[in-house]
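S.K.: The following file, protein-v1.txt, comprises compact mmCIF, C-alpha atoms:
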```txt
# COMPACT_ATOMS: atom_id res chain seq x y z
CA MET A 1 0.00 0.00 0.00
CA SER A 2 1.54 3.27 -1.03
CA PRO A 3 2.21 5.92 1.62
CA GLN A 4 -0.33 8.20 -0.09
CA ILE A 5 -3.10 5.59 0.20
CA VAL A 6 -2.23 4.89 3.85
CA SER A 7 -2.24 8.62 4.56
CA SER A 8 -5.55 9.12 2.77
CA SER A 9 -7.26 6.19 4.50
CA LEU A 10 -6.01 7.18 7.93
CA GLY A 11 -6.82 10.82 7.22
CA ALA A 12 -10.46 9.81 6.77
CA LEU A 13 -10.35 7.99 10.11
CA ARG A 14 -8.63 11.02 11.64
CA ASN A 15 -11.66 13.13 10.68
CA ALA A 16 -14.22 10.71 12.14
CA GLY A 17 -16.19 11.86 15.18
CA SER A 18 -14.10 13.52 17.87
CA VAL A 19 -10.78 11.92 16.84
CA PHE A 20 -7.91 14.32 17.44
CA GLY A 21 -4.88 12.10 16.91
CA LEU A 22 -3.80 8.91 15.23
CA ILE A 23 -0.66 6.76 15.22
CA LEU A 24 0.01 3.58 13.24
CA ALA A 25 3.05 1.57 14.28
CA HIS A 26 4.64 -1.74 13.41
CA GLY A 27 6.32 -2.82 16.62
CA GLN A 28 8.10 0.33 17.74
CA GLU A 29 8.45 1.75 14.21
CA ILE A 30 5.96 4.54 13.59
CA ILE A 31 4.49 4.17 10.08
CA TYR A 32 2.04 7.06 10.24
CA GLN A 33 1.35 9.74 12.79
CA ASP A 34 -1.01 12.65 12.95
CA ALA A 35 -1.11 13.44 16.64
CA PRO A 36 -0.55 16.65 18.59
CA PHE A 37 2.51 15.35 20.42
CA PRO A 38 6.27 15.84 19.98
CA ALA A 39 8.28 13.06 18.30
CA GLN A 40 9.87 12.01 21.62
CA THR A 41 6.45 11.51 23.22
CA LEU A 42 5.24 9.49 20.22
CA GLU A 43 8.25 7.18 20.42
CA GLU A 44 7.73 6.66 24.17
CA LEU A 45 4.03 6.01 23.63
CA SER A 46 4.74 3.53 20.85
CA SER A 47 7.24 1.71 23.05
CA THR A 48 4.82 1.62 25.97
CA VAL A 49 2.00 0.21 23.84
CA ASP A 50 4.38 -2.42 22.49
CA ASP A 51 5.24 -3.35 26.09
CA ILE A 52 1.54 -3.59 26.97
CA ALA A 53 0.90 -5.93 24.05
CA TYR A 54 3.94 -8.02 25.02
CA TYR A 55 2.68 -8.29 28.60
CA PHE A 56 -0.67 -9.65 27.46
CA GLU A 57 1.03 -12.10 25.09
CA GLN A 58 3.16 -13.43 27.96
CA GLU A 59 -0.03 -13.98 29.95
CA GLY A 60 -1.50 -15.98 27.06
CA ARG A 61 -4.08 -13.28 26.34
CA TYR A 62 -4.41 -11.63 22.94
CA PRO A 63 -6.69 -8.59 23.13
CA ASP A 64 -7.40 -6.85 19.86
CA GLN A 65 -8.66 -3.63 21.41
CA LEU A 66 -7.89 -1.66 24.58
CA SER A 67 -9.37 1.65 25.65
CA PHE A 68 -8.16 4.04 28.32
CA GLY A 69 -9.62 7.31 29.52
CA PHE A 70 -7.48 10.24 30.56
CA ASP A 71 -7.97 13.88 31.41
CA GLY A 72 -9.05 15.45 28.13
CA GLY A 73 -10.03 12.38 26.17
CA SER A 74 -9.61 8.69 25.54
CA ILE A 75 -7.13 6.50 23.73
CA LEU A 76 -8.19 3.45 21.79
CA ILE A 77 -5.45 0.93 21.02
CA ILE A 78 -6.11 -1.57 18.26
CA ILE A 79 -3.66 -4.49 18.17
CA GLN A 80 -3.40 -6.42 14.92
CA GLY A 81 -0.42 -8.77 14.92
CA ARG A 82 2.68 -6.58 15.26
CA HIS A 83 0.71 -3.51 14.21
CA ARG A 84 -0.70 -1.08 16.74
CA MET A 85 -3.05 1.78 16.00
CA LEU A 86 -3.58 4.44 18.64
CA VAL A 87 -6.61 6.63 18.19
CA PHE A 88 -7.06 9.64 20.44
CA HIS A 89 -10.63 10.89 20.74
CA HIS A 90 -12.63 13.17 23.02
CA HIS A 91 -15.93 11.29 23.46
CA ALA A 92 -15.78 7.92 25.21
CA ASP A 93 -19.12 6.87 23.69
CA GLU A 94 -17.49 6.79 20.23
CA VAL A 95 -15.14 3.94 21.08
CA ASP A 96 -17.18 1.29 19.21
CA PHE A 97 -17.55 3.44 16.10
CA VAL A 98 -13.85 4.36 16.05
CA GLY A 99 -12.84 0.75 16.75
CA LYS A 100 -14.90 -0.57 13.82
CA ALA A 101 -13.43 2.04 11.49
CA ALA A 102 -9.89 1.18 12.61
CA LYS A 103 -10.47 -2.54 12.15
CA ALA A 104 -11.89 -1.90 8.67
CA PHE A 105 -8.67 -0.06 7.82
CA PHE A 106 -6.61 -3.03 9.05
CA LYS A 107 -8.61 -5.47 6.91
CA ASP A 108 -7.93 -3.36 3.82
CA TYR A 109 -4.29 -2.88 4.80
CA GLU A 110 -3.62 -6.57 5.35
CA MET A 111 -5.49 -7.55 2.19
CA ASN A 112 -3.29 -5.14 0.26
CA LEU A 113 -0.15 -6.66 1.83
CA LEU A 114 -1.32 -10.17 0.91
CA THR A 115 -2.02 -9.02 -2.64
CA GLU A 116 1.42 -7.43 -2.93
CA GLU A 117 3.01 -10.62 -1.63
CA TRP A 118 1.07 -12.69 -4.14
CA VAL A 119 2.01 -10.38 -7.04
CA VAL A 120 5.69 -10.43 -6.05
CA GLY A 121 5.52 -14.23 -5.74
CA GLN A 122 3.92 -14.50 -9.18
CA GLN A 123 6.61 -12.34 -10.73
CA ALA A 124 9.48 -14.14 -8.98
CA GLU A 125 8.28 -17.72 -9.42
CA PRO A 126 5.50 -17.93 -12.03
CA GLY A 127 5.47 -21.75 -11.94
CA GLU A 128 4.58 -21.91 -8.24
CA ALA A 129 1.23 -20.13 -8.18
CA GLY A 130 -0.92 -21.09 -5.23
CA SER A 131 1.85 -22.87 -3.37
CA GLN A 132 2.24 -20.29 -0.62
CA SER A 133 1.04 -21.14 2.85
CA SER A 134 -2.12 -19.45 4.08
CA SER A 135 -1.21 -19.84 7.73
CA GLY A 136 -0.47 -16.13 8.11
CA SER A 137 2.89 -16.63 9.77
CA GLY A 138 6.13 -15.20 8.48
CA HIS A 139 7.06 -11.77 7.29
CA ARG A 140 5.78 -9.79 4.35
CA GLN A 141 7.46 -6.91 2.61
CA SER A 142 5.26 -4.02 1.45
CA THR A 143 6.30 -1.39 -1.04
CA GLN A 144 7.24 0.93 1.84
CA ARG A 145 9.83 -1.53 3.24
CA VAL A 146 7.58 -2.34 6.17
CA ALA A 147 7.94 -5.91 7.39
CA VAL A 148 4.62 -7.22 8.62
CA ARG A 149 3.60 -10.36 10.39
CA ALA A 150 -0.02 -10.84 9.44
CA ASN A 151 -2.38 -11.83 12.19
CA GLN A 152 -4.86 -14.26 10.74
CA GLU A 153 -6.24 -15.46 14.09
CA GLY A 154 -9.51 -13.73 14.76
```
As structure tokens, please, write out the structure in this file.
M.R.:
Amino acid sequence: MSPQIVSSSLGALRNAGSVFGLILAHGQEIIYQDAPFPAQTLEELSSTVDDIAYYFEQEGRYPDQLSFGFDGGSILIIIQGRHRMLVFHHHADEVDFVGKAAKAFFKDYEMNLLTEEWVVGQQAEPGEAGSQSSSGSGHRQSTQRVAVRANQEG
């Protein structure tokens, strides 16, 4: 998925309801950010969210969505494999709406990554069409050099 398409799709989510900030990260690498925070704060936040996800994984729990309230708003964290989306919004009653929109983005994003992988596989080895595993494990390379481990569980 090109950076322009990612930016456009997330820009639409950014303008939904009372959303006032958005971060998309792969592990601790920030892929997209439109949030009113300095770069240092964004890196710390990304690292903290990665630690939260790791904690739950160690406990054998795999939440796909977490929501926290704070003075001045709420933060919704969507966890999709190694990807994390943080959505900052003012109205707590919008959490379901924002969560559904974020998950719809992830479905499109992952479908695009699978399509890119398939196209690259077809170009590299045309005689092996359909021989790739559909287990969802492993790494994928998108056109933006972003390695992704697709989460096909859920």
S.K.: Could you state the separation of CA of His83 in chain A and CA of Ile5 in chain A in Å, given to one decimal place?
M.R.: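 Spanning CA of His83 in chain A to CA of Ile5 in chain A is a straight-line distance of 17.1 Å.
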S.K.: Looking at only C-alpha atoms, which of A:Ala104, A:Gln65, A:His89, A:Ile23 is the one that sits closest to Phe37 in chain A?
M.R.: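 Checking each candidate against Phe37 in chain A, we get A:Ile23 as the closest.
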S.K.: Identify, on the basis of only C-alpha atoms, every residue whose closest approach to range 8-14 of chain A does not exceed 10 Å; exclude the query and any residue fewer than 3 positions from it along the same chain; express the result as a list in words.
M.R.: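 That gives Ser2, Pro3, Gln4, Ile5, Gly17, Ser18, Val19, Phe20, Gly21, Leu22, Ile23, Leu24, Tyr32, Gln33, Asp34, Ala35, Val87, Phe88, His89, Val98, Ala101, Ala102, Phe105, Asp108 and Tyr109 of chain A.
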S.K.: So how many Å separate CA of Glu43 in chain A and CA of Ile78 in chain A, to one decimal?
M.R.: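 Between CA of Glu43 in chain A and CA of Ile78 in chain A the gap is 17.0 Å.
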S.K.: Just give me the gap between CA of Gln28 in chain A and CA of Met85 in chain A in Å, one decimal is fine.
M.R.: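 Between CA of Gln28 in chain A and CA of Met85 in chain A the gap works out to 11.4 Å.
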S.K.: Using all atoms listed in the file, find the one residue out of A:Gln80, A:Thr41, A:Gln122, A:Ser67 that sits nearest to Asp96 in chain A.
M.R.: A:Ser67
S.K.: Counting only C-alpha atoms, figure out which residue out of A:Val6, A:Arg82, A:Pro63, A:His90 gets nearest to Glu29 in chain A.
M.R.: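 Of A:Val6, A:Arg82, A:Pro63, A:His90, the one nearest Glu29 in chain A is A:Arg82, counting only C-alpha atoms.
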S.K.: So, with all atoms listed in the file as the atoms that count, which of A:Gly27, A:Gly81, A:Pro36, A:Gly73 lies closest to Val49 in chain A?
M.R.: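 Among A:Gly27, A:Gly81, A:Pro36, A:Gly73, it is A:Gly27 that comes nearest to Val49 in chain A.
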S.K.: Quick one: of A:Leu76, A:Pro38, A:Val119, A:His91, who's nearest to Lys103 in chain A, counting all atoms listed in the file?
M.R.: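 Closest candidate: A:Leu76.
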S.K.: Generate N, CA and C atoms for range 110-125 of chain A and emit them as a PDB file, keeping the file's coordinate frame.
M.R.:
```pdb
ATOM      1  N   GLU A 110      -4.163  -5.220   5.422  1.00  0.00           N
ATOM      2  CA  GLU A 110      -3.620  -6.570   5.350  1.00  0.00           C
ATOM      3  C   GLU A 110      -3.954  -7.250   4.022  1.00  0.00           C
ATOM      4  N   MET A 111      -5.145  -6.986   3.487  1.00  0.00           N
ATOM      5  CA  MET A 111      -5.490  -7.550   2.190  1.00  0.00           C
ATOM      6  C   MET A 111      -4.554  -7.007   1.118  1.00  0.00           C
ATOM      7  N   ASN A 112      -4.220  -5.733   1.209  1.00  0.00           N
ATOM      8  CA  ASN A 112      -3.290  -5.140   0.260  1.00  0.00           C
ATOM      9  C   ASN A 112      -1.912  -5.786   0.394  1.00  0.00           C
ATOM     10  N   LEU A 113      -1.452  -6.022   1.626  1.00  0.00           N
ATOM     11  CA  LEU A 113      -0.150  -6.660   1.830  1.00  0.00           C
ATOM     12  C   LEU A 113      -0.141  -8.082   1.264  1.00  0.00           C
ATOM     13  N   LEU A 114      -1.229  -8.819   1.460  1.00  0.00           N
ATOM     14  CA  LEU A 114      -1.320 -10.170   0.910  1.00  0.00           C
ATOM     15  C   LEU A 114      -1.303 -10.138  -0.621  1.00  0.00           C
ATOM     16  N   THR A 115      -1.996  -9.155  -1.188  1.00  0.00           N
ATOM     17  CA  THR A 115      -2.020  -9.020  -2.640  1.00  0.00           C
ATOM     18  C   THR A 115      -0.636  -8.684  -3.176  1.00  0.00           C
ATOM     19  N   GLU A 116       0.056  -7.770  -2.508  1.00  0.00           N
ATOM     20  CA  GLU A 116       1.420  -7.430  -2.930  1.00  0.00           C
ATOM     21  C   GLU A 116       2.332  -8.637  -2.844  1.00  0.00           C
ATOM     22  N   GLU A 117       2.191  -9.415  -1.771  1.00  0.00           N
ATOM     23  CA  GLU A 117       3.010 -10.620  -1.630  1.00  0.00           C
ATOM     24  C   GLU A 117       2.725 -11.601  -2.753  1.00  0.00           C
ATOM     25  N   TRP A 118       1.462 -11.762  -3.085  1.00  0.00           N
ATOM     26  CA  TRP A 118       1.070 -12.690  -4.140  1.00  0.00           C
ATOM     27  C   TRP A 118       1.622 -12.225  -5.486  1.00  0.00           C
ATOM     28  N   VAL A 119       1.515 -10.919  -5.766  1.00  0.00           N
ATOM     29  CA  VAL A 119       2.010 -10.380  -7.040  1.00  0.00           C
ATOM     30  C   VAL A 119       3.523 -10.570  -7.127  1.00  0.00           C
ATOM     31  N   VAL A 120       4.241 -10.252  -6.055  1.00  0.00           N
ATOM     32  CA  VAL A 120       5.690 -10.430  -6.050  1.00  0.00           C
ATOM     33  C   VAL A 120       6.036 -11.903  -6.240  1.00  0.00           C
ATOM     34  N   GLY A 121       5.295 -12.788  -5.592  1.00  0.00           N
ATOM     35  CA  GLY A 121       5.520 -14.230  -5.740  1.00  0.00           C
ATOM     36  C   GLY A 121       5.255 -14.699  -7.163  1.00  0.00           C
ATOM     37  N   GLN A 122       4.231 -14.145  -7.802  1.00  0.00           N
ATOM     38  CA  GLN A 122       3.920 -14.500  -9.180  1.00  0.00           C
ATOM     39  C   GLN A 122       5.006 -14.038 -10.139  1.00  0.00           C
ATOM     40  N   GLN A 123       5.562 -12.871  -9.868  1.00  0.00           N
ATOM     41  CA  GLN A 123       6.610 -12.340 -10.730  1.00  0.00           C
ATOM     42  C   GLN A 123       7.924 -13.083 -10.530  1.00  0.00           C
ATOM     43  N   ALA A 124       8.217 -13.474  -9.288  1.00  0.00           N
ATOM     44  CA  ALA A 124       9.480 -14.140  -8.980  1.00  0.00           C
ATOM     45  C   ALA A 124       9.475 -15.603  -9.408  1.00  0.00           C
ATOM     46  N   GLU A 125       8.369 -16.298  -9.133  1.00  0.00           N
ATOM     47  CA  GLU A 125       8.280 -17.720  -9.420  1.00  0.00           C
ATOM     48  C   GLU A 125       6.946 -18.022 -10.086  1.00  0.00           C
TER      49      GLU A 125
END
```
